[in-house]
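Participant: Before I ask anything, let me first share the structure, which is written out below as structure tokens.
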Amino acid sequence: MRERLANRRIRLLLVLLLLAFAGTLARAVWLQGVDAASLSAKAASQHRQTVTIPAGRGTIFDRGGVQFAIGEQTTTVYADPQQVTDAEQLAVTAHRIFGVQATPLYFALRNKKSQFVYIKRFADPKLAAAFMKKAYAGVNSYPEEKRAYPQGSVGAQVLGFAGTDDTGLGGLELQYNSWLGGKAGKQTVIRDPFGRAIEVLSSSPVKEGQDVFSTIDHIIQANAEQVLAQTVASWHAKSATAIVMDPSTGAVLAMAQAPGYNANNASNVPYDTQRNRSVTDTYEPGSTFKLVTISAALSLGLVTPQTKFTLPYSIKVADRTIHDAEPRGTETLSVAQILSHSSNVGAVTIAEKLGASMLMNWITRFGFGKATGIDFPGESIGQVLPLDQWSGSTIGNVPIGQGIAVTPIQLISAYAAIANDGVWIEPHLVSRVGGRVLTGFKHRRLVSPAVNAQLKTMLTGVVDEHGGTGNEAQIPGYTVAGKTGTGQIPGKNGYSASNGYMASFVGMVPVQHPKLVVLVVVNKPQGSIFGGVVAAPAFAQIAKFDLQYLAVPPTQKH
Amino acid sequence: MSGILLAGVVFVNVAVLRLNLQLDSQTNQRAKLRAQNQSLESQLASALASPKIQARAQHDLGLQSADPSTIRYVTP
């Protein structure tokens with residue numbers, strides 16, 4: 001009896017054990033089979049992490065190695081509102097540490113439909129670390145690079161800017177974005193419960209952005225900007241532009257503009273102020289364009305600098321009357337004097353000898369009506385009326401720089417060619433990218449060395465001769481050659497004094513072996529409108545400083 | 001024999017784990033130092049910006065730019 005009872009108990013125990021084993025087995029099959037995929041994914045998501053390793057954006061240096069644009073490490077702090085437990089406290093702390101507005105942040109954090117809210121983008125890493133120490137639920141952070149411009153306003157329009165995602169959106173930042181930007185890397189790691197990486201599953205390397213070395217010199221640039229700001233203030237002008245170029249290489253040493261702005265604050269500056277007018281905007285050059293007319297006539301042997309013309313104060317060309325700037329009687333002027341006195345009647349008379357077709361050839365030869373190829377986005381080609389659209393009076397205004405629009409970079413490149421013994425060189429703003437020195441800039445001869453020498457002598461007369469329009473451009477100790485320009489600004493109803501003028505001066509110094517070519521263009525000056533009065537002194541100020549800075553010895557005693 | 005092999009595998013795995021932890025720590029340290037370096041470089045560049053220095057020197061200390069006529073060049 002007792003033995004049977006014992007056997008029953010053993011059997012019951014066995015059944016229970018079998019049931020337990022069957023249950024465990026079924027659970028194991030369930031976990032390993034049916035639920036395996038989802039559980040495996042859940043486990044992986046808790047321990048496996050793929051992180052993007054951002055590529056540092058390259059630095060933009062000036063020609064002397066001073067940083068113009070640099071990447072600054074910041075920390076971006078964000079929250080997942082679905083996981084946030086105390087939105088009020090979080091918003092208050094964010095206000096206290098980062099200075100963000102608490103109320104809008106609070107409402108954003110309360111929005112449980114959203115899964116991402118920036119608490120503070122581009123935060124100071126120290127402040128971000130202090131905030132993260134609070135260990136609020138649903139809050140996280142990641143490192144992010146922010147573009148900084150240590151030189152402030154110096155060269156702002158040339159540098160352009162990079163957007164919040166560190167992509168170049170304007171200026172050199174845009175032009176060289178593919179080199180500056182680099183390529184982000186990726187890494188997949190397994191983390192332990194403390195968040196430490198215990199195994200690297202896969203990784204692709206980061207390709208850091210390359211540094212870009214500009215031809216701009218921050219000292220020359222800053223000085224040019226300062227002179228322009230003073231000029232704009234003195235003449236109550238709307239704006240002003242200046243370019244300083246090394247004529248032997250085509251390297252732009254400064255490309256300045258007034259009014260300027262702080263490059264760190266680009267997003268709050270109107271586009272009109274951000275535009276680099278030296279490259280993107282056109283203007284009617286006025287008498288500085290006479291260089292093309294005179295160069296063509298000299299090169300074709302139609303005139304020499306000594307050829308004399310008897311010129312009345314005004315002449316009629318088709319339906320237009322062209323006259324000189326100042327009333328005078330009929331005078332006999334040589335070609336050199338036509339240039340130094342900037343006689344419109346004289347220039348048109350020479351152009352009529354040339355003929356429209358030949359003049360057009362030389363306009364094209366000097367590079368007007370096409371891009372210079374400068375490494376800057378959005379270059380304008382200017383406005384040159386096609387020959388078949390010329391009217392009877394066009395030969396009366398184009399030779400004196402009316403009815404034609406050029407960019408400052410086109411004009412200074414033409415004068416730089418004269419400074420460079422008649423050879424035009426493609427202007428450029430960058431000399432080196434990473435370890436690669438940029439070479440192979442286009443070049444072409446515009447005029448023969450003999451004609452070039454004649455042009456330089458005549459342009460020297462503009463500045464040196466008594467009564468020359470460019471006397472204000474003189475620099476003690478140096479021989480300057482240049483040309484003044486006073487271009488009318490066309491309006492809807494043609495030319496009118498009320499539209500204002502563009503006063504300009506372009507010159508080279510020292511004329512024997514020019515180290516610098518400088519162009520100054522002042523938009524709508526008040527009080528005086530003449531390039532020789534408004535722009536020439538600014539030229540002298542800029543060039544005088546630059547000659548001293550570059551240690552160019554004087555060429556004459558003073 | 002198999003016990004020795006098992007102990008060896010465990011030893012190697014632990015060593016790999018320790019190295020990975022060190023690597024992670026070094027990577028984090030490198031990222032921090034890189035951020036600090038960038039920040040310092042930016043501050044330095046900003047502080048060295050010559051127009052700012054010149055403006056302060058002119059404003060606070062009365063610096064006058066040299067007149068070019070006072071400069072003499074010694075040429076061979």
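Note on naming: chains are A, B, ... as they come in the structure tokens, residues start from 1 per chain, ligands start from 1 in the order shown.
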Would you list which chain B residues are within 12 Å of chain A using only C-alpha atoms, as a VMD selection string?

Facilitator: chain B and resid 13 to 28 31 to 55 65 to 76

Participant: Write to file, as a PDB file, in the first residue's frame, the residues of the selection just made, with C-alpha atoms.

Facilitator:
```pdb
ATOM      1  CA  ASN B  13      38.683  38.399 -25.175  1.00  0.00           C
ATOM      2  CA  VAL B  14      39.190  40.282 -21.942  1.00  0.00           C
ATOM      3  CA  ALA B  15      42.326  41.912 -23.364  1.00  0.00           C
ATOM      4  CA  VAL B  16      40.427  42.965 -26.516  1.00  0.00           C
ATOM      5  CA  LEU B  17      37.604  44.352 -24.387  1.00  0.00           C
ATOM      6  CA  ARG B  18      40.039  46.368 -22.268  1.00  0.00           C
ATOM      7  CA  LEU B  19      41.750  47.722 -25.368  1.00  0.00           C
ATOM      8  CA  ASN B  20      38.395  48.694 -26.885  1.00  0.00           C
ATOM      9  CA  LEU B  21      37.466  50.538 -23.695  1.00  0.00           C
ATOM     10  CA  GLN B  22      40.800  52.348 -23.770  1.00  0.00           C
ATOM     11  CA  LEU B  23      40.279  53.196 -27.421  1.00  0.00           C
ATOM     12  CA  ASP B  24      36.820  54.621 -26.690  1.00  0.00           C
ATOM     13  CA  SER B  25      38.204  56.708 -23.854  1.00  0.00           C
ATOM     14  CA  GLN B  26      41.051  57.975 -26.033  1.00  0.00           C
ATOM     15  CA  THR B  27      38.643  58.819 -28.859  1.00  0.00           C
ATOM     16  CA  ASN B  28      36.462  60.832 -26.502  1.00  0.00           C
ATOM     17  CA  ALA B  31      37.370  64.836 -29.590  1.00  0.00           C
ATOM     18  CA  LYS B  32      37.383  67.016 -26.459  1.00  0.00           C
ATOM     19  CA  LEU B  33      40.929  68.223 -27.065  1.00  0.00           C
ATOM     20  CA  ARG B  34      40.153  68.905 -30.725  1.00  0.00           C
ATOM     21  CA  ALA B  35      37.141  71.000 -29.720  1.00  0.00           C
ATOM     22  CA  GLN B  36      39.201  72.904 -27.155  1.00  0.00           C
ATOM     23  CA  ASN B  37      41.981  73.408 -29.677  1.00  0.00           C
ATOM     24  CA  GLN B  38      39.585  74.784 -32.288  1.00  0.00           C
ATOM     25  CA  SER B  39      37.996  77.087 -29.770  1.00  0.00           C
ATOM     26  CA  LEU B  40      41.380  78.393 -28.584  1.00  0.00           C
ATOM     27  CA  GLU B  41      42.572  78.820 -32.168  1.00  0.00           C
ATOM     28  CA  SER B  42      39.471  80.863 -32.967  1.00  0.00           C
ATOM     29  CA  GLN B  43      39.917  83.007 -29.828  1.00  0.00           C
ATOM     30  CA  LEU B  44      43.580  83.540 -30.667  1.00  0.00           C
ATOM     31  CA  ALA B  45      42.826  84.514 -34.272  1.00  0.00           C
ATOM     32  CA  SER B  46      40.161  86.916 -33.069  1.00  0.00           C
ATOM     33  CA  ALA B  47      42.467  88.440 -30.459  1.00  0.00           C
ATOM     34  CA  LEU B  48      45.286  88.781 -32.997  1.00  0.00           C
ATOM     35  CA  ALA B  49      43.082  90.448 -35.628  1.00  0.00           C
ATOM     36  CA  SER B  50      45.300  93.404 -36.503  1.00  0.00           C
ATOM     37  CA  PRO B  51      42.509  95.878 -37.342  1.00  0.00           C
ATOM     38  CA  LYS B  52      41.146  95.348 -33.818  1.00  0.00           C
ATOM     39  CA  ILE B  53      44.581  95.813 -32.261  1.00  0.00           C
ATOM     40  CA  GLN B  54      45.220  98.913 -34.361  1.00  0.00           C
ATOM     41  CA  ALA B  55      41.830 100.394 -33.497  1.00  0.00           C
ATOM     42  CA  SER B  65      50.492 105.801 -38.134  1.00  0.00           C
ATOM     43  CA  ALA B  66      53.969 106.604 -39.426  1.00  0.00           C
ATOM     44  CA  ASP B  67      54.154 109.198 -42.181  1.00  0.00           C
ATOM     45  CA  PRO B  68      55.677 107.554 -45.276  1.00  0.00           C
ATOM     46  CA  SER B  69      57.964 110.568 -45.689  1.00  0.00           C
ATOM     47  CA  THR B  70      59.698 109.621 -42.434  1.00  0.00           C
ATOM     48  CA  ILE B  71      60.711 106.229 -43.812  1.00  0.00           C
ATOM     49  CA  ARG B  72      64.062 105.829 -45.504  1.00  0.00           C
ATOM     50  CA  TYR B  73      64.849 102.752 -47.589  1.00  0.00           C
ATOM     51  CA  VAL B  74      68.436 101.560 -47.728  1.00  0.00           C
ATOM     52  CA  THR B  75      69.049 100.149 -51.194  1.00  0.00           C
ATOM     53  CA  PRO B  76      72.315  98.571 -52.329  1.00  0.00           C
TER      54      PRO B  76
END
```

Participant: So that I can see what lies close to Ala229 in chain A, please list as a PyMOL selection string the residues with an atom at most 9 Å from it, counting only C-alpha atoms and leaving out residues fewer than 2 positions away in the same chain.

Facilitator: chain A and resi 224-227+231-234+239-240+257-260

Participant: List the neighbours of range 175-180 of chain A out to 10 Å using only C-alpha atoms; skip same-chain residues closer than 3 positions along the sequence, and give me the result as JSON, numbers by chain.

Facilitator: {"A": [55, 56, 57, 58, 59, 60, 159, 160, 162, 166, 167, 168, 169, 170, 171, 172, 183, 208, 209, 210, 211, 212, 375, 376, 377, 378, 430, 433, 434]}

Participant: To one decimal place in Å, what is the distance between CA of Leu446 in chain A and CA of Leu298 in chain A?

Facilitator: 12.1 Å

Participant: Could you state the separation of CA of Ile338 in chain A and CA of Phe539 in chain A in Å, given to one decimal place?

Facilitator: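 These two atoms are separated by 22.1 Å.
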
Participant: Could you write out, as a short mmCIF file (atom, residue, chain, number, x, y, z; two decimals) with N, CA and C atoms, in the first residue's frame, all the residues of chain B that DSSP marks as helix (DSSP H, G or I)?

Facilitator:
```cif
data_model
loop_
_atom_site.label_atom_id
_atom_site.label_comp_id
_atom_site.auth_asym_id
_atom_site.auth_seq_id
_atom_site.Cartn_x
_atom_site.Cartn_y
_atom_site.Cartn_z
N SER B 2 41.89 21.27 -23.26
CA SER B 2 40.81 22.19 -23.68
C SER B 2 40.59 23.31 -22.66
N GLY B 3 40.86 22.98 -21.39
CA GLY B 3 40.74 24.00 -20.34
C GLY B 3 41.72 25.14 -20.57
N ILE B 4 42.93 24.78 -20.97
CA ILE B 4 43.96 25.81 -21.22
C ILE B 4 43.54 26.69 -22.40
N LEU B 5 43.01 25.99 -23.45
CA LEU B 5 42.56 26.74 -24.63
C LEU B 5 41.43 27.71 -24.27
N LEU B 6 40.49 27.20 -23.46
CA LEU B 6 39.35 28.03 -23.03
C LEU B 6 39.84 29.25 -22.23
N ALA B 7 40.78 28.96 -21.34
CA ALA B 7 41.34 30.07 -20.54
C ALA B 7 42.03 31.09 -21.44
N GLY B 8 42.71 30.59 -22.47
CA GLY B 8 43.38 31.48 -23.43
C GLY B 8 42.41 32.37 -24.17
N VAL B 9 41.31 31.73 -24.64
CA VAL B 9 40.29 32.50 -25.38
C VAL B 9 39.70 33.59 -24.48
N VAL B 10 39.40 33.21 -23.24
CA VAL B 10 38.83 34.20 -22.30
C VAL B 10 39.81 35.34 -22.07
N PHE B 11 41.09 34.97 -21.90
CA PHE B 11 42.12 35.98 -21.65
C PHE B 11 42.21 36.97 -22.82
N VAL B 12 42.22 36.40 -24.04
CA VAL B 12 42.32 37.26 -25.24
C VAL B 12 41.10 38.18 -25.34
N ASN B 13 39.92 37.59 -25.10
CA ASN B 13 38.68 38.40 -25.18
C ASN B 13 38.68 39.54 -24.18
N VAL B 14 39.14 39.23 -22.97
CA VAL B 14 39.19 40.28 -21.94
C VAL B 14 40.18 41.38 -22.36
N ALA B 15 41.32 40.93 -22.92
CA ALA B 15 42.33 41.91 -23.36
C ALA B 15 41.76 42.80 -24.46
N VAL B 16 41.03 42.18 -25.42
CA VAL B 16 40.43 42.96 -26.52
C VAL B 16 39.42 43.96 -25.95
N LEU B 17 38.62 43.49 -25.00
CA LEU B 17 37.60 44.35 -24.39
C LEU B 17 38.26 45.56 -23.71
N ARG B 18 39.34 45.28 -22.96
CA ARG B 18 40.04 46.37 -22.27
C ARG B 18 40.63 47.37 -23.27
N LEU B 19 41.17 46.83 -24.35
CA LEU B 19 41.75 47.72 -25.37
C LEU B 19 40.67 48.58 -26.02
N ASN B 20 39.50 47.94 -26.29
CA ASN B 20 38.39 48.69 -26.89
C ASN B 20 37.93 49.82 -25.96
N LEU B 21 37.87 49.51 -24.66
CA LEU B 21 37.47 50.54 -23.69
C LEU B 21 38.48 51.68 -23.68
N GLN B 22 39.76 51.31 -23.74
CA GLN B 22 40.80 52.35 -23.77
C GLN B 22 40.68 53.20 -25.03
N LEU B 23 40.40 52.50 -26.14
CA LEU B 23 40.28 53.20 -27.42
C LEU B 23 39.12 54.19 -27.37
N ASP B 24 38.00 53.74 -26.80
CA ASP B 24 36.82 54.62 -26.69
C ASP B 24 37.14 55.86 -25.86
N SER B 25 37.84 55.60 -24.74
CA SER B 25 38.20 56.71 -23.85
C SER B 25 39.13 57.69 -24.57
N GLN B 26 40.10 57.12 -25.30
CA GLN B 26 41.05 57.98 -26.03
C GLN B 26 40.34 58.78 -27.13
N THR B 27 39.38 58.13 -27.80
CA THR B 27 38.64 58.82 -28.86
C THR B 27 37.87 60.00 -28.29
N ASN B 28 37.22 59.75 -27.14
CA ASN B 28 36.46 60.83 -26.50
C ASN B 28 37.40 61.97 -26.08
N GLN B 29 38.53 61.58 -25.53
CA GLN B 29 39.51 62.58 -25.09
C GLN B 29 40.02 63.40 -26.28
N ARG B 30 40.26 62.70 -27.40
CA ARG B 30 40.75 63.36 -28.60
C ARG B 30 39.71 64.36 -29.12
N ALA B 31 38.44 63.94 -29.11
CA ALA B 31 37.37 64.84 -29.59
C ALA B 31 37.30 66.09 -28.72
N LYS B 32 37.43 65.87 -27.38
CA LYS B 32 37.38 67.02 -26.46
C LYS B 32 38.55 67.97 -26.71
N LEU B 33 39.73 67.39 -26.84
CA LEU B 33 40.93 68.22 -27.06
C LEU B 33 40.84 68.97 -28.40
N ARG B 34 40.29 68.28 -29.41
CA ARG B 34 40.15 68.90 -30.72
C ARG B 34 39.21 70.11 -30.64
N ALA B 35 38.12 69.91 -29.89
CA ALA B 35 37.14 71.00 -29.72
C ALA B 35 37.79 72.17 -28.99
N GLN B 36 38.54 71.84 -27.92
CA GLN B 36 39.20 72.90 -27.15
C GLN B 36 40.23 73.63 -28.01
N ASN B 37 40.95 72.84 -28.81
CA ASN B 37 41.98 73.41 -29.68
C ASN B 37 41.37 74.37 -30.69
N GLN B 38 40.27 73.94 -31.31
CA GLN B 38 39.58 74.78 -32.29
C GLN B 38 39.10 76.08 -31.65
N SER B 39 38.53 75.92 -30.47
CA SER B 39 38.00 77.09 -29.77
C SER B 39 39.12 78.08 -29.43
N LEU B 40 40.24 77.53 -28.94
CA LEU B 40 41.38 78.39 -28.58
C LEU B 40 41.97 79.07 -29.83
N GLU B 41 42.03 78.28 -30.92
CA GLU B 41 42.57 78.82 -32.17
C GLU B 41 41.72 79.99 -32.65
N SER B 42 40.41 79.81 -32.55
CA SER B 42 39.47 80.86 -32.97
C SER B 42 39.64 82.11 -32.09
N GLN B 43 39.75 81.87 -30.75
CA GLN B 43 39.92 83.01 -29.83
C GLN B 43 41.22 83.74 -30.11
N LEU B 44 42.27 82.95 -30.39
CA LEU B 44 43.58 83.54 -30.67
C LEU B 44 43.53 84.38 -31.95
N ALA B 45 42.92 83.80 -32.99
CA ALA B 45 42.83 84.51 -34.27
C ALA B 45 42.04 85.81 -34.11
N SER B 46 40.99 85.72 -33.30
CA SER B 46 40.16 86.92 -33.07
C SER B 46 40.95 87.97 -32.29
N ALA B 47 41.69 87.50 -31.27
CA ALA B 47 42.47 88.44 -30.46
C ALA B 47 43.61 89.06 -31.25
N SER B 50 44.56 92.14 -36.55
CA SER B 50 45.30 93.40 -36.50
C SER B 50 44.43 94.66 -36.58
N PRO B 51 43.34 94.66 -37.35
CA PRO B 51 42.51 95.88 -37.34
C PRO B 51 41.98 96.20 -35.95
N LYS B 52 41.65 95.13 -35.18
CA LYS B 52 41.15 95.35 -33.82
C LYS B 52 42.25 95.93 -32.94
N ILE B 53 43.45 95.34 -33.07
CA ILE B 53 44.58 95.81 -32.26
C ILE B 53 44.88 97.27 -32.61
N GLN B 54 44.91 97.55 -33.91
CA GLN B 54 45.22 98.91 -34.36
C GLN B 54 44.18 99.91 -33.85
N ALA B 55 42.90 99.50 -33.95
CA ALA B 55 41.83 100.39 -33.50
C ALA B 55 41.97 100.68 -32.01
N ARG B 56 42.28 99.62 -31.22
CA ARG B 56 42.43 99.82 -29.77
C ARG B 56 43.64 100.68 -29.46
N ALA B 57 44.73 100.43 -30.19
CA ALA B 57 45.95 101.21 -29.96
C ALA B 57 45.72 102.68 -30.29
N GLN B 58 44.99 102.92 -31.37
CA GLN B 58 44.72 104.31 -31.75
C GLN B 58 43.78 104.98 -30.76
N HIS B 59 42.75 104.23 -30.37
CA HIS B 59 41.73 104.78 -29.49
C HIS B 59 42.22 104.93 -28.05
N ASP B 60 42.82 103.86 -27.53
CA ASP B 60 43.20 103.85 -26.11
C ASP B 60 44.58 104.46 -25.85
N LEU B 61 45.50 104.26 -26.79
CA LEU B 61 46.87 104.69 -26.53
C LEU B 61 47.33 105.85 -27.41
N PRO B 68 54.74 108.19 -44.35
CA PRO B 68 55.68 107.55 -45.28
C PRO B 68 56.92 108.39 -45.53
N SER B 69 56.80 109.72 -45.41
CA SER B 69 57.96 110.57 -45.69
C SER B 69 59.06 110.40 -44.63
N THR B 70 58.70 109.81 -43.49
CA THR B 70 59.70 109.62 -42.43
C THR B 70 60.47 108.31 -42.62
#
```

Participant: Near Pro386 in chain A, counting only C-alpha atoms, which residues have an atom at most 12 Å away, once you skip same-chain residues fewer than 2 positions from it, shown as an MDAnalysis selection string?

Facilitator: chainID A and resid 356:357 359:361 363:364 368:369 383:384 388:391 394 398 403:404

Participant: Go ahead and save the picked residues with N, CA and C atoms, as a compact mmCIF listing (two decimals), in the first residue's frame.

Facilitator:
```txt
# COMPACT_ATOMS: atom_id res chain seq x y z
N ALA A 356 33.23 101.61 -85.79
CA ALA A 356 32.50 100.82 -84.79
C ALA A 356 33.00 99.39 -84.71
N SER A 357 33.23 98.78 -85.87
CA SER A 357 33.61 97.37 -85.90
C SER A 357 34.95 97.14 -85.19
N LEU A 359 36.41 99.15 -83.04
CA LEU A 359 36.29 99.47 -81.61
C LEU A 359 35.71 98.27 -80.86
N MET A 360 34.71 97.65 -81.47
CA MET A 360 34.07 96.48 -80.84
C MET A 360 35.09 95.34 -80.67
N ASN A 361 35.93 95.16 -81.69
CA ASN A 361 36.98 94.11 -81.58
C ASN A 361 37.86 94.35 -80.37
N ILE A 363 37.15 96.15 -77.68
CA ILE A 363 36.38 96.00 -76.42
C ILE A 363 36.40 94.53 -76.01
N THR A 364 36.20 93.66 -76.99
CA THR A 364 36.22 92.22 -76.71
C THR A 364 37.63 91.77 -76.33
N PHE A 368 35.97 92.83 -72.07
CA PHE A 368 34.65 93.33 -71.64
C PHE A 368 33.55 92.55 -72.37
N GLY A 369 32.46 92.28 -71.66
CA GLY A 369 31.37 91.49 -72.24
C GLY A 369 31.52 90.01 -72.00
N GLN A 383 27.70 94.48 -69.58
CA GLN A 383 26.73 94.67 -70.66
C GLN A 383 27.41 95.40 -71.81
N VAL A 384 27.59 94.68 -72.90
CA VAL A 384 28.17 95.26 -74.10
C VAL A 384 27.15 95.07 -75.23
N ASP A 388 25.55 94.67 -84.05
CA ASP A 388 24.39 94.83 -84.94
C ASP A 388 23.26 95.62 -84.28
N GLN A 389 23.41 95.92 -83.00
CA GLN A 389 22.37 96.73 -82.33
C GLN A 389 22.84 98.16 -82.08
N TRP A 390 24.04 98.49 -82.56
CA TRP A 390 24.54 99.85 -82.36
C TRP A 390 23.71 100.83 -83.20
N SER A 391 23.39 101.98 -82.62
CA SER A 391 22.69 103.02 -83.37
C SER A 391 23.75 104.01 -83.87
N THR A 394 25.85 105.43 -81.00
CA THR A 394 26.60 104.54 -80.09
C THR A 394 28.11 104.84 -80.15
N VAL A 398 29.98 104.96 -76.41
CA VAL A 398 30.77 103.81 -75.92
C VAL A 398 32.26 104.16 -75.74
N GLY A 403 26.90 103.83 -72.03
CA GLY A 403 26.18 102.85 -72.81
C GLY A 403 26.88 101.50 -72.81
N ILE A 404 27.78 101.32 -71.88
CA ILE A 404 28.47 100.05 -71.71
C ILE A 404 28.64 99.86 -70.20
```
